[in-house]
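The structure file query00.cif is reproduced below (mmCIF, C-alpha atoms and all ligand atoms).
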data_entry
loop_
_atom_site.group_PDB
_atom_site.id
_atom_site.type_symbol
_atom_site.label_atom_id
_atom_site.label_comp_id
_atom_site.auth_asym_id
_atom_site.auth_seq_id
_atom_site.Cartn_x
_atom_site.Cartn_y
_atom_site.Cartn_z
ATOM 1 C CA MET A 1 15.573 5.305 16.368
ATOM 2 C CA THR A 2 15.282 1.712 15.222
ATOM 3 C CA THR A 3 14.451 -1.463 17.130
ATOM 4 C CA GLU A 4 15.971 -4.842 16.369
ATOM 5 C CA ALA A 5 13.331 -7.413 15.515
ATOM 6 C CA THR A 6 13.259 -11.130 14.796
ATOM 7 C CA ILE A 7 11.166 -12.568 11.991
ATOM 8 C CA ILE A 8 9.176 -15.222 13.845
ATOM 9 C CA LYS A 9 6.969 -16.211 10.916
ATOM 10 C CA LYS A 10 7.117 -15.949 7.126
ATOM 11 C CA GLU A 11 4.294 -17.373 5.072
ATOM 12 C CA THR A 12 3.054 -17.023 1.499
ATOM 13 C CA ILE A 13 -0.550 -15.885 1.808
ATOM 14 C CA ALA A 14 -1.440 -15.061 -1.818
ATOM 15 C CA ASP A 15 0.143 -14.937 -5.272
ATOM 16 C CA ASN A 16 3.495 -13.154 -4.813
ATOM 17 C CA ILE A 17 2.622 -11.942 -1.307
ATOM 18 C CA VAL A 18 4.381 -12.988 1.903
ATOM 19 C CA HIS A 19 3.203 -12.284 5.421
ATOM 20 C CA LEU A 20 5.858 -11.543 8.059
ATOM 21 C CA VAL A 21 5.412 -11.497 11.827
ATOM 22 C CA LEU A 22 8.119 -9.564 13.697
ATOM 23 C CA GLU A 23 8.935 -9.726 17.392
ATOM 24 C CA ASP A 24 10.992 -7.245 19.414
ATOM 25 C CA CYS A 25 14.404 -8.826 20.173
ATOM 26 C CA ARG A 26 14.485 -7.073 23.579
ATOM 27 C CA GLY A 27 11.298 -8.891 24.593
ATOM 28 C CA LYS A 28 9.673 -5.570 25.553
ATOM 29 C CA GLY A 29 7.195 -5.373 22.687
ATOM 30 C CA PHE A 30 7.106 -2.654 20.060
ATOM 31 C CA ALA A 31 5.513 0.777 20.262
ATOM 32 C CA PRO A 32 1.722 0.549 19.846
ATOM 33 C CA PHE A 33 0.218 2.067 16.713
ATOM 34 C CA GLU A 34 -3.029 3.374 15.275
ATOM 35 C CA PRO A 35 -4.721 1.857 12.220
ATOM 36 C CA GLY A 36 -3.203 3.175 8.983
ATOM 37 C CA ALA A 37 0.329 3.376 10.443
ATOM 38 C CA HIS A 38 3.418 2.051 8.683
ATOM 39 C CA ILE A 39 6.979 1.222 9.685
ATOM 40 C CA ASP A 40 10.344 1.521 7.984
ATOM 41 C CA LEU A 41 11.709 -1.995 7.488
ATOM 42 C CA HIS A 42 15.513 -2.039 7.194
ATOM 43 C CA ILE A 43 15.888 -5.016 4.892
ATOM 44 C CA ASP A 44 19.668 -4.578 4.932
ATOM 45 C CA ASP A 45 22.065 -1.696 5.640
ATOM 46 C CA LYS A 46 21.184 0.085 2.409
ATOM 47 C CA THR A 47 17.585 -0.917 1.803
ATOM 48 C CA ILE A 48 14.752 0.683 3.757
ATOM 49 C CA ARG A 49 11.144 0.252 2.704
ATOM 50 C CA GLN A 50 7.807 1.323 4.175
ATOM 51 C CA TYR A 51 5.134 -1.250 4.961
ATOM 52 C CA SER A 52 1.726 -0.768 6.567
ATOM 53 C CA LEU A 53 1.066 -2.573 9.820
ATOM 54 C CA ILE A 54 -1.785 -5.058 9.719
ATOM 55 C CA ASN A 55 -2.497 -5.961 13.335
ATOM 56 C CA SER A 56 -3.869 -2.796 14.951
ATOM 57 C CA LEU A 57 -5.490 -4.662 17.857
ATOM 58 C CA ASP A 58 -2.262 -6.333 18.983
ATOM 59 C CA GLY A 59 -1.001 -3.379 21.062
ATOM 60 C CA GLY A 60 2.525 -3.649 19.617
ATOM 61 C CA HIS A 61 3.116 -7.192 20.922
ATOM 62 C CA THR A 62 4.176 -8.093 17.370
ATOM 63 C CA TYR A 63 4.263 -6.226 14.056
ATOM 64 C CA GLU A 64 2.613 -7.928 11.088
ATOM 65 C CA ILE A 65 3.235 -6.821 7.503
ATOM 66 C CA ALA A 66 2.463 -8.295 4.073
ATOM 67 C CA ILE A 67 4.771 -7.656 1.130
ATOM 68 C CA LEU A 68 4.068 -7.927 -2.575
ATOM 69 C CA ARG A 69 6.970 -9.135 -4.706
ATOM 70 C CA GLU A 70 7.468 -6.329 -7.223
ATOM 71 C CA ALA A 71 9.426 -7.686 -10.166
ATOM 72 C CA ASN A 72 9.814 -4.180 -11.624
ATOM 73 C CA GLY A 73 10.373 -2.421 -8.303
ATOM 74 C CA ARG A 74 13.625 -1.183 -6.788
ATOM 75 C CA GLY A 75 14.574 -4.614 -5.408
ATOM 76 C CA GLY A 76 13.546 -4.337 -1.749
ATOM 77 C CA SER A 77 10.532 -6.633 -1.969
ATOM 78 C CA ILE A 78 12.536 -9.237 -3.896
ATOM 79 C CA LYS A 79 15.141 -9.277 -1.116
ATOM 80 C CA VAL A 80 12.374 -9.876 1.436
ATOM 81 C CA HIS A 81 10.851 -12.687 -0.627
ATOM 82 C CA ASP A 82 14.110 -14.384 -1.604
ATOM 83 C CA THR A 83 16.476 -13.858 1.309
ATOM 84 C CA LEU A 84 14.741 -13.101 4.613
ATOM 85 C CA GLN A 85 13.764 -16.180 6.615
ATOM 86 C CA PRO A 86 12.245 -16.926 10.036
ATOM 87 C CA GLY A 87 14.910 -16.374 12.695
ATOM 88 C CA ASP A 88 16.590 -13.549 10.744
ATOM 89 C CA LYS A 89 17.000 -10.186 12.437
ATOM 90 C CA VAL A 90 15.952 -6.884 10.868
ATOM 91 C CA LYS A 91 15.633 -3.330 12.126
ATOM 92 C CA VAL A 92 12.332 -1.487 12.217
ATOM 93 C CA GLY A 93 11.621 2.202 12.663
ATOM 94 C CA PRO A 94 8.877 3.516 14.951
ATOM 95 C CA PRO A 95 5.334 3.480 13.561
ATOM 96 C CA ARG A 96 4.246 6.603 11.708
ATOM 97 C CA ASN A 97 0.775 7.374 10.488
ATOM 98 C CA ALA A 98 0.069 9.448 7.379
ATOM 99 C CA PHE A 99 -3.288 7.712 6.851
ATOM 100 C CA PRO A 100 -5.175 7.954 10.155
ATOM 101 C CA LEU A 101 -8.834 7.147 10.738
ATOM 102 C CA GLN A 102 -11.002 10.141 11.617
ATOM 103 C CA ARG A 103 -14.113 10.073 13.755
ATOM 104 C CA SER A 104 -17.306 9.767 11.669
ATOM 105 C CA ASP A 105 -20.748 8.164 11.662
ATOM 106 C CA PHE A 106 -19.872 5.821 8.787
ATOM 107 C CA SER A 107 -16.689 4.716 7.000
ATOM 108 C CA VAL A 108 -16.203 3.160 3.581
ATOM 109 C CA LEU A 109 -12.937 1.218 3.281
ATOM 110 C CA ILE A 110 -11.649 0.326 -0.187
ATOM 111 C CA ALA A 111 -8.507 -1.685 -0.966
ATOM 112 C CA GLY A 112 -6.846 -2.392 -4.296
ATOM 113 C CA GLY A 113 -4.423 -5.346 -4.170
ATOM 114 C CA ILE A 114 -1.776 -5.087 -1.453
ATOM 115 C CA GLY A 115 -3.507 -1.871 -0.343
ATOM 116 C CA ILE A 116 -5.503 -4.189 1.920
ATOM 117 C CA THR A 117 -2.788 -3.971 4.614
ATOM 118 C CA PRO A 118 -3.718 -0.619 6.222
ATOM 119 C CA ILE A 119 -7.369 -1.151 5.306
ATOM 120 C CA ILE A 120 -7.724 -4.435 7.241
ATOM 121 C CA SER A 121 -6.087 -2.721 10.195
ATOM 122 C CA MET A 122 -8.806 -0.041 9.999
ATOM 123 C CA ALA A 123 -11.590 -2.621 9.596
ATOM 124 C CA ASP A 124 -10.451 -4.570 12.673
ATOM 125 C CA TYR A 125 -10.265 -1.380 14.713
ATOM 126 C CA LEU A 126 -13.667 -0.023 13.628
ATOM 127 C CA GLU A 127 -15.281 -3.401 14.307
ATOM 128 C CA HIS A 128 -13.686 -3.542 17.739
ATOM 129 C CA GLN A 129 -14.977 -0.022 18.465
ATOM 130 C CA GLY A 130 -18.475 -0.885 17.211
ATOM 131 C CA GLN A 131 -18.301 1.816 14.517
ATOM 132 C CA PRO A 132 -20.213 1.125 11.278
ATOM 133 C CA PHE A 133 -18.349 0.591 7.995
ATOM 134 C CA THR A 134 -18.286 -1.374 4.747
ATOM 135 C CA LEU A 135 -15.206 -2.931 3.135
ATOM 136 C CA HIS A 136 -14.595 -3.329 -0.617
ATOM 137 C CA TYR A 137 -11.565 -5.376 -1.697
ATOM 138 C CA CYS A 138 -10.493 -5.471 -5.369
ATOM 139 C CA THR A 139 -7.796 -7.820 -6.693
ATOM 140 C CA ARG A 140 -6.763 -9.414 -9.991
ATOM 141 C CA SER A 141 -8.021 -12.820 -8.852
ATOM 142 C CA ALA A 142 -9.116 -14.706 -5.749
ATOM 143 C CA LYS A 143 -5.596 -16.150 -5.474
ATOM 144 C CA ALA A 144 -4.145 -12.638 -5.347
ATOM 145 C CA ALA A 145 -6.376 -11.608 -2.430
ATOM 146 C CA ALA A 146 -4.057 -11.559 0.592
ATOM 147 C CA LEU A 147 -5.725 -11.936 4.010
ATOM 148 C CA ARG A 148 -8.946 -13.133 2.391
ATOM 149 C CA ASP A 149 -9.333 -16.020 4.885
ATOM 150 C CA ARG A 150 -8.928 -13.619 7.764
ATOM 151 C CA ILE A 151 -11.624 -11.317 6.388
ATOM 152 C CA GLU A 152 -14.001 -14.164 5.522
ATOM 153 C CA SER A 153 -13.781 -15.515 9.057
ATOM 154 C CA SER A 154 -14.158 -12.073 10.655
ATOM 155 C CA THR A 155 -17.341 -10.692 12.179
ATOM 156 C CA TYR A 156 -17.471 -8.090 9.394
ATOM 157 C CA ALA A 157 -17.462 -10.625 6.542
ATOM 158 C CA ASP A 158 -21.127 -9.785 5.911
ATOM 159 C CA ARG A 159 -20.170 -6.135 5.263
ATOM 160 C CA THR A 160 -17.309 -7.014 2.898
ATOM 161 C CA ARG A 161 -17.431 -7.336 -0.888
ATOM 162 C CA PHE A 162 -14.665 -8.929 -2.941
ATOM 163 C CA TYR A 163 -14.102 -8.058 -6.617
ATOM 164 C CA PHE A 164 -11.890 -10.286 -8.776
ATOM 165 C CA ASP A 165 -10.869 -8.899 -12.189
ATOM 166 C CA ASP A 166 -10.520 -12.358 -13.755
ATOM 167 C CA GLN A 167 -14.159 -13.089 -12.900
ATOM 168 C CA ALA A 168 -15.302 -9.764 -14.364
ATOM 169 C CA MET A 169 -16.299 -8.571 -10.896
ATOM 170 C CA ARG A 170 -15.623 -4.831 -10.952
ATOM 171 C CA PHE A 171 -16.170 -2.304 -8.210
ATOM 172 C CA ASP A 172 -19.527 -0.622 -8.773
ATOM 173 C CA PRO A 173 -19.287 3.131 -8.046
ATOM 174 C CA THR A 174 -22.958 3.180 -7.010
ATOM 175 C CA ALA A 175 -21.695 1.584 -3.767
ATOM 176 C CA LEU A 176 -20.464 5.097 -2.946
ATOM 177 C CA GLU A 177 -23.951 6.603 -3.053
ATOM 178 C CA ILE A 178 -24.475 6.744 0.695
ATOM 179 C CA ASP A 179 -26.945 9.172 2.225
ATOM 180 C CA ILE A 180 -25.112 9.796 5.503
ATOM 181 C CA PRO A 181 -23.669 13.320 5.940
ATOM 182 C CA ASP A 182 -20.907 12.399 8.419
ATOM 183 C CA LYS A 183 -19.163 9.720 6.342
ATOM 184 C CA ARG A 184 -15.534 9.147 5.375
ATOM 185 C CA LEU A 185 -13.873 7.171 2.610
ATOM 186 C CA TYR A 186 -10.453 5.502 2.931
ATOM 187 C CA VAL A 187 -8.773 4.005 -0.119
ATOM 188 C CA CYS A 188 -5.366 2.379 -0.514
ATOM 189 C CA GLY A 189 -3.842 0.759 -3.586
ATOM 190 C CA PRO A 190 -2.041 1.617 -6.818
ATOM 191 C CA GLN A 191 -2.198 5.252 -7.935
ATOM 192 C CA GLY A 192 -4.526 4.586 -10.901
ATOM 193 C CA PHE A 193 -6.953 2.704 -8.661
ATOM 194 C CA ILE A 194 -6.971 5.549 -6.146
ATOM 195 C CA GLU A 195 -7.634 8.100 -8.891
ATOM 196 C CA PHE A 196 -10.589 5.997 -10.111
ATOM 197 C CA ILE A 197 -12.088 5.756 -6.613
ATOM 198 C CA LYS A 198 -11.522 9.465 -5.893
ATOM 199 C CA ARG A 199 -13.172 10.433 -9.187
ATOM 200 C CA SER A 200 -16.099 8.071 -8.553
ATOM 201 C CA ALA A 201 -16.570 9.394 -5.020
ATOM 202 C CA GLU A 202 -16.540 13.016 -6.159
ATOM 203 C CA GLU A 203 -19.095 12.179 -8.867
ATOM 204 C CA ALA A 204 -21.226 10.577 -6.134
ATOM 205 C CA GLY A 205 -21.122 13.872 -4.224
ATOM 206 C CA TRP A 206 -18.387 13.149 -1.649
ATOM 207 C CA PRO A 207 -16.595 16.304 -0.452
ATOM 208 C CA LYS A 208 -12.848 16.070 -1.196
ATOM 209 C CA GLU A 209 -11.898 16.499 2.453
ATOM 210 C CA ARG A 210 -13.785 13.312 3.355
ATOM 211 C CA ILE A 211 -11.789 11.187 0.895
ATOM 212 C CA HIS A 212 -8.563 9.851 2.429
ATOM 213 C CA TYR A 213 -6.029 7.842 0.496
ATOM 214 C CA GLU A 214 -2.597 6.289 0.627
ATOM 215 C CA SER A 215 -0.699 5.156 -2.424
ATOM 216 C CA PHE A 216 2.085 2.618 -2.673
ATOM 217 C CA GLN A 217 3.372 4.273 -5.820
ATOM 218 C CA LYS A 218 4.642 7.779 -6.216
ATOM 219 C CA ALA A 219 2.455 10.249 -8.055
ATOM 220 C CA GLU A 220 2.729 10.372 -11.819
ATOM 221 C CA GLY A 221 5.551 12.673 -12.872
ATOM 222 C CA GLY A 222 7.602 11.875 -9.801
ATOM 223 C CA LYS A 223 9.230 8.838 -11.373
ATOM 224 C CA THR A 224 12.766 10.170 -11.219
ATOM 225 C CA GLY A 225 12.570 13.501 -9.411
ATOM 226 C CA HIS A 226 14.304 14.966 -12.494
ATOM 227 C CA GLY A 227 13.128 17.888 -14.647
ATOM 228 C CA LYS A 228 14.028 21.547 -15.152
ATOM 229 C CA ALA A 229 17.110 22.880 -13.328
ATOM 230 C CA PHE A 230 16.497 25.298 -10.447
ATOM 231 C CA THR A 231 18.286 26.827 -7.457
ATOM 232 C CA LEU A 232 17.765 25.984 -3.810
ATOM 233 C CA ILE A 233 18.587 28.841 -1.448
ATOM 234 C CA ILE A 234 19.272 27.889 2.154
ATOM 235 C CA ASP A 235 17.395 30.160 4.533
ATOM 236 C CA GLY A 236 19.647 31.896 7.038
ATOM 237 C CA THR A 237 22.967 31.346 5.241
ATOM 238 C CA GLY A 238 21.916 32.273 1.701
ATOM 239 C CA ASP A 239 23.959 29.348 0.394
ATOM 240 C CA GLN A 240 22.860 28.468 -3.149
ATOM 241 C CA VAL A 241 22.578 24.868 -4.338
ATOM 242 C CA GLU A 242 22.104 24.356 -8.063
ATOM 243 C CA VAL A 243 19.801 21.420 -8.813
ATOM 244 C CA ALA A 244 20.656 20.079 -12.269
ATOM 245 C CA ALA A 245 17.961 18.759 -14.591
ATOM 246 C CA ASP A 246 19.133 15.181 -14.119
ATOM 247 C CA GLU A 247 19.395 15.081 -10.331
ATOM 248 C CA THR A 248 16.934 15.384 -7.465
ATOM 249 C CA ALA A 249 16.970 18.281 -5.024
ATOM 250 C CA LEU A 250 17.969 15.765 -2.356
ATOM 251 C CA GLU A 251 20.960 14.594 -4.413
ATOM 252 C CA ALA A 252 22.018 18.209 -5.005
ATOM 253 C CA LEU A 253 21.853 18.986 -1.269
ATOM 254 C CA GLU A 254 23.870 15.867 -0.435
ATOM 255 C CA ARG A 255 26.435 16.758 -3.106
ATOM 256 C CA LYS A 256 26.962 20.059 -1.254
ATOM 257 C CA GLY A 257 27.418 18.219 2.052
ATOM 258 C CA TYR A 258 23.970 18.728 3.570
ATOM 259 C CA GLU A 259 22.591 15.675 5.355
ATOM 260 C CA ILE A 260 18.837 15.374 4.917
ATOM 261 C CA PRO A 261 17.047 12.444 6.595
ATOM 262 C CA CYS A 262 15.352 10.354 3.942
ATOM 263 C CA SER A 263 13.807 6.943 3.595
ATOM 264 C CA CYS A 264 11.590 6.007 0.637
ATOM 265 C CA GLU A 265 13.164 8.510 -1.811
ATOM 266 C CA GLN A 266 9.962 8.493 -3.828
ATOM 267 C CA GLY A 267 7.637 10.945 -2.134
ATOM 268 C CA ILE A 268 5.686 8.489 -0.009
ATOM 269 C CA CYS A 269 6.993 8.573 3.551
ATOM 270 C CA GLY A 270 7.485 12.294 4.272
ATOM 271 C CA THR A 271 10.859 11.747 6.006
ATOM 272 C CA CYS A 272 12.730 14.291 3.871
ATOM 273 C CA ILE A 273 10.209 17.166 4.121
ATOM 274 C CA LEU A 274 11.693 20.683 4.178
ATOM 275 C CA ASP A 275 9.924 23.955 5.012
ATOM 276 C CA VAL A 276 9.610 26.300 2.035
ATOM 277 C CA ILE A 277 10.217 29.969 2.864
ATOM 278 C CA ALA A 278 9.950 31.443 -0.664
ATOM 279 C CA GLY A 279 9.213 30.176 -4.171
ATOM 280 C CA ILE A 280 6.650 27.661 -5.407
ATOM 281 C CA PRO A 281 7.371 23.921 -5.280
ATOM 282 C CA ASP A 282 6.420 21.569 -8.100
ATOM 283 C CA HIS A 283 5.021 18.736 -5.984
ATOM 284 C CA HIS A 284 5.543 15.185 -7.255
ATOM 285 C CA ASP A 285 4.988 13.356 -3.975
ATOM 286 C CA ALA A 286 2.125 11.140 -2.857
ATOM 287 C CA PHE A 287 2.408 12.306 0.747
ATOM 288 C CA PHE A 288 0.778 15.737 1.040
ATOM 289 C CA THR A 289 -2.947 16.347 0.894
ATOM 290 C CA ASP A 290 -4.347 18.535 -1.895
ATOM 291 C CA LYS A 291 -4.747 21.328 0.667
ATOM 292 C CA GLU A 292 -1.104 21.058 1.770
ATOM 293 C CA ARG A 293 0.052 21.129 -1.854
ATOM 294 C CA LEU A 294 -1.863 24.350 -2.453
ATOM 295 C CA GLU A 295 -0.366 25.916 0.676
ATOM 296 C CA ASN A 296 3.166 25.324 -0.709
ATOM 297 C CA LEU A 297 4.667 25.565 2.779
ATOM 298 C CA ARG A 298 6.658 22.314 2.567
ATOM 299 C CA PHE A 299 8.083 20.053 -0.119
ATOM 300 C CA THR A 300 9.770 16.670 -0.512
ATOM 301 C CA PRO A 301 13.258 17.161 -2.042
ATOM 302 C CA CYS A 302 13.560 13.460 -2.903
ATOM 303 C CA CYS A 303 11.156 13.835 -5.844
ATOM 304 C CA SER A 304 9.641 17.333 -5.998
ATOM 305 C CA ARG A 305 11.092 20.320 -7.817
ATOM 306 C CA ALA A 306 10.320 24.034 -8.308
ATOM 307 C CA LEU A 307 7.893 25.974 -10.485
ATOM 308 C CA THR A 308 9.877 29.152 -9.783
ATOM 309 C CA PRO A 309 13.584 29.642 -10.723
ATOM 310 C CA SER A 310 14.508 29.239 -7.062
ATOM 311 C CA LEU A 311 13.139 27.849 -3.809
ATOM 312 C CA THR A 312 14.260 29.083 -0.409
ATOM 313 C CA VAL A 313 14.159 26.260 2.132
ATOM 314 C CA LYS A 314 14.873 25.905 5.823
ATOM 315 C CA LEU A 315 17.259 23.135 6.886
HETATM 316 S S1 LIG B 1 12.306 10.296 1.514
HETATM 317 FE FE1 LIG B 1 10.238 9.642 1.636
HETATM 318 S S2 LIG B 1 9.156 11.403 0.940
HETATM 319 FE FE2 LIG B 1 11.212 11.921 0.597
#

Represent the structure contained in this file as structure tokens.
Ligand code: FES
Amino acid sequence: MTTEATIIKKETIADNIVHLVLEDCRGKGFAPFEPGAHIDLHIDDKTIRQYSLINSLDGGHTYEIAILREANGRGGSIKVHDTLQPGDKVKVGPPRNAFPLQRSDFSVLIAGGIGITPIISMADYLEHQGQPFTLHYCTRSAKAAALRDRIESSTYADRTRFYFDDQAMRFDPTALEIDIPDKRLYVCGPQGFIEFIKRSAEEAGWPKERIHYESFQKAEGGKTGHGKAFTLIIDGTGDQVEVAADETALEALERKGYEIPCSCEQGICGTCILDVIAGIPDHHDAFFTDKERLENLRFTPCCSRALTPSLTVKL
């Protein structure tokens, strides 16, 4: 279910990044959310994109998001930058959280670029709760660092480090050498950045299950959702849906008349997830954890495929 919202503020806060503040048109306020949550923003009737919510301490009074203009993206961010203005109405979906904070003695928060949006939400929350953490924020340049003023004027500025590529300030992996058993690491940013941080953390002795991440780009290999042809078998009816090499499983299901809820269509949001009854999926999403991928109990038909000739799924 969506809620109609008014854009009450739009401001450029860094190179190619705008900050939007949304207010519930009904005047009731939005649903509250936990740090790490995101919403579906219906930019127009055909364009839905996911954006992390920034203001976790606001209790849903407003929703704040920041959006990077992606010149080589699918066009949604360009529409936001070029067409949406204060006073315009948009629809928003309820908050969902695939990147929640977990209780621990110490948290390390790391953001790459626009990945700061869920991370600042976590930092504000942890600070408010009096829970210890450090924040590392890496961007191309100081001008590209969205929300920098907000962080520098926060009470956790002394526990924050900025790294600007153009000043040869690179994240130092020794910052991950922390001798606290009950610690957790949260990283958000481009896929390559996340892989670098995950690798560095594992080399510094972090157990995999204590490394949490959210990517704004689909996993490598999931660029089109295309690949080898396979057959989807619908559990219960036995109906067979042939997925051609040049179409996604989602497209094949829709071609046969099945309606599958979907949103991002790139393996990020988890909206399209189907239960797998038999067969082994070839996961190309950035949604499931490593453990969930190994379990092979669910898959995302918008971008994932099959390692076996067929997959039996429940609709
Ligand atoms: S539609 Fe978002 S993961 Fe498939």

- Target residues per the PyMOL selection byres (((not hetatm)) within 10 of (chain B and resi 1)), formatted as a PyMOL selection string: chain A and resi 49-50+218+250+260-274+284-288+299-304

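Rounded to one decimal, CA of Val80 (chain A) and CA of Ile43 (chain A) lie 6.9 Å from each other.
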
Nearby residues (only C-alpha atoms) at most 6 Å from region 242-245 of chain A, same-chain spacing under 5 positions excluded, as an mmCIF file with C-alpha atoms, in the frame of the given file:
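Saved as around25.cif:
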data_model
loop_
_atom_site.group_PDB
_atom_site.id
_atom_site.type_symbol
_atom_site.label_atom_id
_atom_site.label_comp_id
_atom_site.auth_asym_id
_atom_site.auth_seq_id
_atom_site.Cartn_x
_atom_site.Cartn_y
_atom_site.Cartn_z
ATOM 1 C CA HIS A 226 14.304 14.966 -12.494
ATOM 2 C CA GLY A 227 13.128 17.888 -14.647
ATOM 3 C CA LYS A 228 14.028 21.547 -15.152
ATOM 4 C CA ALA A 229 17.110 22.880 -13.328
ATOM 5 C CA PHE A 230 16.497 25.298 -10.447
ATOM 6 C CA THR A 231 18.286 26.827 -7.457
ATOM 7 C CA ALA A 252 22.018 18.209 -5.005
#

- Message: Since I can't run it myself right now, could you work out what the PyMOL selection byres (((chain A and resi 78) around 12) and not hetatm) selects here and report it as a ChimeraX atom specification?
- Response: /A:16-18,43,47,49,67-77,79-84

- Task: Pull the neighbourhood of (-5.4, 4.1, 7.6) for me: all residues within 10 Å in file coordinates, counting all atoms listed in the file, as an NGL selection string.
- Result: :A and (34-38 or 52-53 or 97-102 or 109 or 117-123 or 186-188 or 212-214)

Kindly resolve the PyMOL selection byres (((chain A and resi 240) around 10) and not hetatm) on the present coordinates and return the residues as a JSON list (two decimals) with C-alpha atoms, in the coordinates of the input.
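Contents of out_25.json, as written:
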[["chain", "number", "residue", "atom", "x", "y", "z"],
["A", 231, "THR", "CA", 18.29, 26.83, -7.46],
["A", 232, "LEU", "CA", 17.76, 25.98, -3.81],
["A", 233, "ILE", "CA", 18.59, 28.84, -1.45],
["A", 234, "ILE", "CA", 19.27, 27.89, 2.15],
["A", 235, "ASP", "CA", 17.40, 30.16, 4.53],
["A", 237, "THR", "CA", 22.97, 31.35, 5.24],
["A", 238, "GLY", "CA", 21.92, 32.27, 1.70],
["A", 239, "ASP", "CA", 23.96, 29.35, 0.39],
["A", 241, "VAL", "CA", 22.58, 24.87, -4.34],
["A", 242, "GLU", "CA", 22.10, 24.36, -8.06],
["A", 243, "VAL", "CA", 19.80, 21.42, -8.81],
["A", 253, "LEU", "CA", 21.85, 18.99, -1.27],
["A", 256, "LYS", "CA", 26.96, 20.06, -1.25],
["A", 310, "SER", "CA", 14.51, 29.24, -7.06],
["A", 311, "LEU", "CA", 13.14, 27.85, -3.81],
["A", 312, "THR", "CA", 14.26, 29.08, -0.41]]

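Look at Glu209 (chain A): the protein and nucleic acid residues within 9 Å of it, using only C-alpha atoms and passing over chain neighbours fewer than 5 places away, are Arg184, Asp290 and Lys291 of chain A.
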
- In Å, how far is it from CA of Asp15 (chain A) to CA of Ser107 (chain A)? 28.6 Å

- Message: I'd like the neighbourhood of Ile180 (chain A) as JSON, numbers by chain, where a residue qualifies if any of its atoms comes within 12 Å (using all atoms listed in the file), though same-chain residues fewer than 5 positions away should be ignored.
- Response: {"A": [104, 105, 106, 107, 108, 132, 133, 185, 205, 206]}

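Distances here use only C-alpha atoms; by that measure, the residue among A:Asp124, A:Asp165, A:Glu195, A:Asp58 closest to Ala144 (chain A) is A:Asp165.
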
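Between CA of Thr155 (chain A) and CA of Glu127 (chain A) lies a distance of 7.9 Å.
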
- Would you be able to write out as a PyMOL selection string which residues have an atom within 10 Å of (2.9, -3.7, 13.2) in the file's coordinates, counting all atoms listed in the file? chain A and resi 20-23+30-35+37-39+51-65+92+94-95+121

- Query: Closest to Gln129 (chain A) among A:Arg161, A:Lys46, A:Arg255, A:Arg103, using all atoms listed in the file?
  - Reply: A:Arg103
